[in-house]
$ cat final-v3.txt   # compact mmCIF, C-alpha atoms
# COMPACT_ATOMS: atom_id res chain seq x y z
CA MET A 1 0.00 0.00 0.00
CA SER A 2 1.43 3.37 -0.94
CA ARG A 3 1.56 6.43 1.32
CA SER A 4 -0.47 8.30 -1.30
CA GLU A 5 -3.51 6.40 -0.13
CA GLY A 6 -5.80 8.08 2.40
CA ILE A 7 -6.54 7.42 6.04
CA GLU A 8 -9.51 8.20 8.25
CA ARG A 9 -8.73 8.88 11.85
CA GLY A 10 -8.76 6.06 13.63
CA SER A 11 -6.77 3.22 12.35
CA ASP A 12 -4.79 0.46 13.81
CA ASP A 13 -1.77 -1.66 13.14
CA THR A 14 1.44 -2.74 14.77
CA VAL A 15 4.40 -1.04 13.26
CA VAL A 16 6.32 2.14 13.55
CA LYS A 17 8.19 1.85 10.29
CA ARG A 18 7.00 3.52 7.12
CA PHE A 19 6.60 0.22 5.35
CA ASN A 20 4.67 -1.31 8.23
CA GLY A 21 2.25 0.99 9.62
CA LEU A 22 -0.38 3.25 10.99
CA VAL A 23 -2.71 3.59 13.96
CA LEU A 24 -5.10 5.96 15.61
CA TRP A 25 -8.55 6.63 17.11
CA HIS A 26 -12.09 7.19 16.18
CA TRP A 27 -11.07 10.32 14.60
CA ILE A 28 -7.89 8.57 15.18
CA ALA A 29 -8.79 5.33 13.76
CA PHE A 30 -7.18 5.46 10.41
CA SER A 31 -7.21 3.36 7.35
CA LEU A 32 -4.91 4.13 4.47
CA LYS A 33 -7.47 2.54 2.18
CA SER A 34 -10.33 4.76 3.26
CA ALA A 35 -9.44 7.46 0.73
CA VAL A 36 -7.05 7.60 -2.19
CA MET A 37 -4.85 10.64 -2.62
CA ASP A 38 -3.05 11.69 -5.77
CA THR A 39 -0.24 13.56 -4.04
CA SER A 40 1.23 14.22 -0.62
CA THR A 41 2.79 17.33 0.87
CA MET A 42 5.75 16.94 3.22
CA PRO A 43 7.08 20.20 4.68
CA ALA A 44 10.02 20.17 7.07
CA VAL A 45 9.31 21.49 10.57
CA ALA A 46 10.95 24.84 9.76
CA GLU A 47 8.42 25.34 6.97
CA LEU A 48 5.40 24.93 9.22
CA VAL A 49 5.40 28.63 10.14
CA ALA A 50 3.96 29.32 6.67
CA GLU A 51 0.33 28.92 5.71
CA PRO A 52 -1.59 26.73 5.33
CA TYR A 53 0.62 24.52 7.55
CA ALA A 54 0.54 26.92 10.49
CA SER A 55 -3.25 26.69 10.61
CA VAL A 56 -3.02 22.94 11.09
CA VAL A 57 -0.33 23.13 13.77
CA CYS A 58 -2.47 25.70 15.62
CA TYR A 59 -5.90 24.58 14.48
CA PRO A 60 -8.34 26.30 14.23
CA ARG A 61 -6.79 29.74 15.02
CA VAL A 62 -3.16 30.73 14.64
CA ARG A 63 -1.51 32.92 17.24
CA LYS A 64 2.13 33.78 16.69
CA ALA A 65 3.21 33.14 20.28
CA GLU A 66 1.45 29.76 20.39
CA LEU A 67 2.84 28.76 16.99
CA LYS A 68 6.35 29.61 18.15
CA ARG A 69 5.93 27.48 21.28
CA ARG A 70 4.62 24.57 19.27
CA MET A 71 7.44 24.77 16.74
CA LYS A 72 9.98 24.51 19.56
CA GLU A 73 8.07 21.61 21.06
CA LEU A 74 8.11 19.70 17.77
CA GLU A 75 11.87 20.19 17.52
CA ARG A 76 12.39 18.95 21.09
CA MET A 77 10.35 15.85 20.30
CA GLY A 78 12.51 15.04 17.30
CA ILE A 79 9.87 15.63 14.64
CA SER A 80 11.61 16.46 11.36
CA ALA A 81 8.65 16.79 9.00
CA LEU A 82 4.89 16.40 8.66
CA GLU A 83 3.28 14.62 5.74
CA PHE A 84 -0.16 15.75 4.65
CA VAL A 85 -2.01 12.69 3.37
CA GLY A 86 -5.27 11.11 4.43
CA GLY A 87 -9.00 10.95 4.10
CA LYS A 88 -9.84 14.20 5.89
CA GLN A 89 -9.17 17.77 4.84
CA VAL A 90 -8.18 20.81 6.89
CA PHE A 91 -7.43 24.15 5.19
CA ASN A 92 -7.06 22.29 1.87
CA LEU A 93 -4.48 19.93 3.38
CA ARG A 94 -5.05 16.21 3.76
CA VAL A 95 -4.83 14.79 7.28
CA LEU A 96 -5.34 11.38 8.83
CA GLY A 97 -8.04 12.47 11.20
CA LYS A 98 -9.87 15.38 12.75
CA GLY A 99 -11.73 15.42 16.03
CA CYS A 100 -12.85 17.54 18.95
CA VAL A 101 -9.49 17.27 20.68
CA GLY A 102 -7.00 17.21 17.86
CA ILE A 103 -5.83 16.81 14.30
CA VAL A 104 -3.89 13.67 13.36
CA VAL A 105 -1.20 13.78 10.71
CA LEU A 106 1.58 11.59 9.44
CA ALA A 107 4.94 12.67 10.84
CA HIS A 108 8.61 11.77 10.58
CA LYS A 109 10.52 11.14 13.81
CA ASN A 110 13.99 9.65 14.04
CA ARG A 111 13.72 8.13 10.57
CA HIS A 112 10.38 6.50 11.35
CA VAL A 113 6.91 7.38 10.16
CA ILE A 114 4.48 7.88 13.03
CA ALA A 115 1.01 9.21 13.71
CA LEU A 116 1.08 12.61 15.40
CA LYS A 117 -1.94 13.99 17.22
CA ILE A 118 -1.91 17.78 17.42
CA ARG A 119 -3.96 19.31 20.23
CA ARG A 120 -6.47 21.87 18.98
CA VAL A 121 -6.08 25.30 20.54
CA ASP A 122 -9.81 25.23 21.38
CA ALA A 123 -9.78 21.70 22.84
CA ASP A 124 -11.49 20.98 26.14
CA ARG A 125 -8.10 20.05 27.65
CA THR A 126 -4.86 21.98 28.02
CA ARG A 127 -2.39 19.12 27.63
CA MET A 128 -1.96 15.73 26.00
CA GLN A 129 -0.27 13.96 28.90
CA ASP A 130 -3.53 12.64 30.35
CA GLU A 131 -4.46 10.89 27.11
CA ALA A 132 -0.92 9.53 26.87
CA LYS A 133 -1.30 8.04 30.35
CA LEU A 134 -4.47 6.24 29.27
CA LEU A 135 -2.87 4.95 26.08
CA LYS A 136 0.15 3.74 28.07
CA LYS A 137 -2.22 1.84 30.36
CA ALA A 138 -3.83 0.20 27.33
CA ASN A 139 -0.38 -0.64 25.95
CA SER A 140 0.43 -2.39 29.24
CA VAL A 141 -2.06 -5.12 28.26
CA GLN A 142 -1.10 -5.11 24.57
CA VAL A 143 -3.99 -2.93 23.42
CA GLY A 144 -3.91 0.13 21.18
CA PRO A 145 -1.26 1.83 19.03
CA ARG A 146 2.08 2.04 20.75
CA LEU A 147 2.77 5.29 22.59
CA LEU A 148 5.99 6.81 21.24
CA GLY A 149 6.16 10.16 22.99
CA VAL A 150 4.13 13.04 24.34
CA GLY A 151 4.38 16.77 24.91
CA ARG A 152 1.96 19.42 26.02
CA ASN A 153 0.46 19.78 22.55
CA PHE A 154 1.49 16.61 20.69
CA LEU A 155 1.00 12.87 21.07
CA CYS A 156 3.24 10.50 19.07
CA MET A 157 1.85 7.08 18.28
CA GLN A 158 2.58 4.05 16.19
CA PHE A 159 1.34 4.47 12.65
CA ILE A 160 -0.79 1.50 11.62
CA ASP A 161 -1.51 0.45 8.08
CA GLY A 162 -4.94 -1.14 8.02
CA GLU A 163 -8.65 -0.77 7.45
CA LEU A 164 -11.45 0.23 9.76
CA LEU A 165 -13.39 -2.87 10.77
CA PRO A 166 -16.59 -2.12 8.79
CA ARG A 167 -14.57 -1.71 5.59
CA TRP A 168 -12.45 -4.77 6.36
CA LEU A 169 -15.63 -6.83 6.69
CA ASN A 170 -16.59 -5.88 3.14
CA GLY A 171 -13.70 -7.93 1.80
CA LYS A 172 -13.84 -11.57 0.77
CA ARG A 173 -12.66 -13.31 3.90
CA SER A 174 -13.41 -16.71 5.34
CA LYS A 175 -15.63 -17.24 8.36
CA ALA A 176 -12.59 -18.50 10.25
CA ARG A 177 -10.62 -15.30 9.59
CA ILE A 178 -13.52 -13.09 10.60
CA GLY A 179 -14.17 -15.14 13.72
CA ASN A 180 -10.52 -14.96 14.77
CA VAL A 181 -10.46 -11.18 14.38
CA LEU A 182 -13.69 -10.72 16.34
CA ARG A 183 -12.50 -13.01 19.13
CA GLU A 184 -9.25 -11.05 19.45
CA ILE A 185 -11.22 -7.80 19.66
CA LEU A 186 -13.22 -9.24 22.56
CA GLU A 187 -10.04 -10.52 24.20
CA GLN A 188 -8.58 -7.01 24.07
CA CYS A 189 -11.73 -5.63 25.65
CA TRP A 190 -11.46 -8.28 28.38
CA ARG A 191 -7.91 -7.15 29.11
CA LEU A 192 -9.02 -3.53 29.31
CA ASP A 193 -11.77 -4.50 31.72
CA LYS A 194 -9.25 -6.35 33.91
CA VAL A 195 -7.10 -3.21 34.30
CA ASN A 196 -10.19 -1.03 34.90
CA LEU A 197 -9.65 1.09 31.80
CA ASP A 198 -12.93 1.99 30.14
CA HIS A 199 -12.56 3.07 26.51
CA GLY A 200 -15.86 4.91 26.58
CA GLU A 201 -16.84 4.71 22.91
CA LEU A 202 -17.03 1.06 21.97
CA SER A 203 -20.82 0.74 21.89
CA HIS A 204 -20.61 2.68 18.63
CA ALA A 205 -17.18 1.90 17.26
CA PRO A 206 -17.11 2.09 13.44
CA LYS A 207 -13.94 4.22 13.64
CA HIS A 208 -12.37 2.71 16.75
CA ILE A 209 -11.18 -0.66 15.45
CA ILE A 210 -8.60 -1.19 12.74
CA VAL A 211 -7.51 -4.47 11.18
CA ASP A 212 -4.09 -4.66 9.57
CA LYS A 213 -2.87 -6.74 6.65
CA GLU A 214 -2.00 -9.62 8.95
CA ASP A 215 -5.52 -9.62 10.43
CA LYS A 216 -4.30 -8.09 13.66
CA SER A 217 -6.93 -5.85 15.24
CA PHE A 218 -6.32 -2.59 17.06
CA ILE A 219 -8.60 -0.63 19.35
CA VAL A 220 -7.78 3.04 18.88
CA ASP A 221 -8.61 6.51 20.21
CA PHE A 222 -8.40 6.64 23.97
CA GLU A 223 -9.18 10.35 24.32
CA SER A 224 -12.50 9.57 26.03
CA ALA A 225 -11.14 6.69 28.11
CA SER A 226 -11.19 6.68 31.91
CA LEU A 227 -9.73 4.82 34.86
CA GLY A 228 -12.42 6.27 37.10
CA ARG A 229 -15.51 4.72 35.48
CA ARG A 230 -16.69 1.17 35.87
CA PRO A 231 -15.27 -0.53 32.76
CA SER A 232 -17.78 -1.84 30.22
CA ASN A 233 -15.60 -2.66 27.25
CA VAL A 234 -16.79 -6.24 26.70
CA THR A 235 -20.46 -5.37 27.03
CA SER A 236 -20.12 -2.29 24.82
CA ILE A 237 -18.22 -4.02 22.02
CA CYS A 238 -20.66 -6.95 22.00
CA GLN A 239 -23.53 -4.54 21.55
CA PHE A 240 -21.72 -3.03 18.59
CA LEU A 241 -20.59 -6.29 16.99
CA PHE A 242 -23.60 -8.53 17.61
CA ILE A 243 -26.69 -6.65 18.73
CA GLY A 244 -27.45 -3.14 17.55
CA SER A 245 -25.49 -1.69 14.62
CA GLU A 246 -24.98 -1.90 10.88
CA THR A 247 -21.74 -3.70 11.63
CA ALA A 248 -23.68 -6.31 13.64
CA GLU A 249 -25.93 -6.89 10.65
CA LYS A 250 -22.93 -7.28 8.38
CA ILE A 251 -21.32 -9.77 10.77
CA ALA A 252 -24.56 -11.76 10.90
CA GLU A 253 -24.54 -11.93 7.10
CA LYS A 254 -20.96 -13.21 7.12
CA LEU A 255 -21.11 -15.63 10.05
CA GLY A 256 -24.80 -16.37 10.49
CA ALA A 257 -27.26 -15.00 12.99
CA THR A 258 -26.58 -15.29 16.71
CA ASP A 259 -29.05 -15.51 19.57
CA ARG A 260 -29.20 -11.91 20.73
CA LYS A 261 -31.23 -12.80 23.80
CA ALA A 262 -28.61 -15.33 24.86
CA ILE A 263 -25.86 -12.77 24.28
CA ALA A 264 -27.72 -10.21 26.38
CA GLU A 265 -28.14 -12.73 29.19
CA ALA A 266 -24.47 -13.72 29.08
CA LEU A 267 -23.45 -10.06 29.15
CA LYS A 268 -25.70 -9.46 32.12
CA ARG A 269 -23.93 -12.22 34.05
CA TYR A 270 -20.54 -10.92 32.96
CA LYS A 271 -21.41 -7.35 33.96
CA LYS A 272 -22.39 -8.57 37.42
CA GLU A 273 -19.21 -10.64 37.85
CA LYS A 274 -16.33 -10.10 35.42
CA THR A 275 -14.72 -13.52 35.74
CA ARG A 276 -12.88 -15.36 33.00
CA GLU A 277 -15.54 -18.07 33.15
CA ASN A 278 -18.31 -15.58 32.46
CA PHE A 279 -16.26 -14.00 29.69
CA CYS A 280 -15.80 -17.38 28.02
CA LYS A 281 -19.56 -17.87 28.15
CA VAL A 282 -19.91 -14.59 26.25
CA LEU A 283 -17.50 -15.93 23.63
CA ASP A 284 -19.54 -19.12 23.38
CA VAL A 285 -22.89 -17.42 22.79
CA CYS A 286 -21.24 -15.16 20.22
CA ALA A 287 -20.04 -18.31 18.44
CA LEU A 288 -16.40 -17.35 18.89
$ encode --input "final-v3.txt" --output "structure tokens"
Amino acid sequence: MSRSEGIERGSDDTVVKRFNGLVLWHWIAFSLKSAVMDTSTMPAVAELVAEPYASVVCYPRVRKAELKRRMKELERMGISALEFVGGKQVFNLRVLGKGCVGIVVLAHKNRHVIALKIRRVDADRTRMQDEAKLLKKANSVQVGPRLLGVGRNFLCMQFIDGELLPRWLNGKRSKARIGNVLREILEQCWRLDKVNLDHGELSHAPKHIIVDKEDKSFIVDFESASLGRRPSNVTSICQFLFIGSETAEKIAEKLGATDRKAIAEALKRYKKEKTRENFCKVLDVCAL
């Protein structure tokens, strides 16, 4: 897959190298195949003071003092260039993703291609360290894109080359492959539940799960995650995958219908007592 292909925030994969990968969340869940681009623009960091690049670095309003601070921060973090490709557009520049907290772009750091989340100047938070802490917690149980660095205004993550789950399901894949991917998604949600990290957006997750070319799945975008809520990752993702969404309908077409009442009952037991035994019963009723 070439870097001229687009991405939609969110995305998932497992590599940091240009030839291996991309990853991000719901606005940061990216898939290089989600949009095809004819060209890419790759200014060096020193060139970002010029428009339209400055308006992305300080989205949505540029202030000279803030731009200067952010330029210095990028240099301290070892970012050498940004690459404007992707399925979203900001000030006529292509980006990987755009959300309420930040803009996600492709970036070059220490000879690697990474995903860089840029905090919006009008975001409801003043720093990126809190999100980095949540992503690091997810990484501790092998979930999410790998955290590569963080500053006040920037979050560096593994860039994952893959497709968002709904698009991936459109491909010609065997029932066994689909089942393996879905089971691994549930296993990741189980691990998040065990460390009390609630993702917060998995009940409607069309842009929060990415599947790479080796069928490895990634849960992305932890900006709404919390260690203070009661975790409901398994129950939320089962609702999305098997009960109430277009994706659930697509999965039923691919794998056959499941007993939604039985799933709901198994989830009720699991919610009451999050044991491995009850989780395995959820897998069973989901035919995984």
$ axis_aligned_box --input "final-v3.txt" --around "region 137-148 of chain A" --padding-each-side "5 Å" --output "JSON"
{"center_x": 1.0, "center_y": 0.8, "center_z": 24.7, "size_x": 20.0, "size_y": 21.9, "size_z": 21.3}
$ residues_around --input "final-v3.txt" --residues "region 53-62 of chain A" --least-positions-apart "6" --cutoff "9 Å" --atoms "only C-alpha atoms" --output "list in words"
Pro43, Glu47, Arg70, Met71, Val90, Phe91, Leu93, Gly102, Ile103, Ile118, Arg119, Arg120, Val121 and Asp122 of chain A
$ atom_distance --input "final-v3.txt" --atom1 "CA of Leu288 (chain A)" --atom2 "CA of Ile209 (chain A)"
17.8 Å
$ closest_residue --input "final-v3.txt" --among "A:Pro231, A:Arg152, A:Glu201, A:Ala287" --to "Ala176 (chain A)" --atoms "all atoms listed in the file"
A:Ala287
$ closest_residue --input "final-v3.txt" --among "A:Val150, A:Met157, A:Gly86, A:Lys213" --to "Arg127 (chain A)" --atoms "all atoms listed in the file"
A:Val150
$ closest_residue --input "final-v3.txt" --among "A:Pro145, A:Phe154, A:Lys136, A:Gly97" --to "Leu74 (chain A)" --atoms "all atoms listed in the file"
A:Phe154
$ closest_residue --input "final-v3.txt" --among "A:Ala257, A:Val220, A:Leu202, A:Leu148" --to "Ser236 (chain A)" --atoms "all atoms listed in the file"
A:Leu202
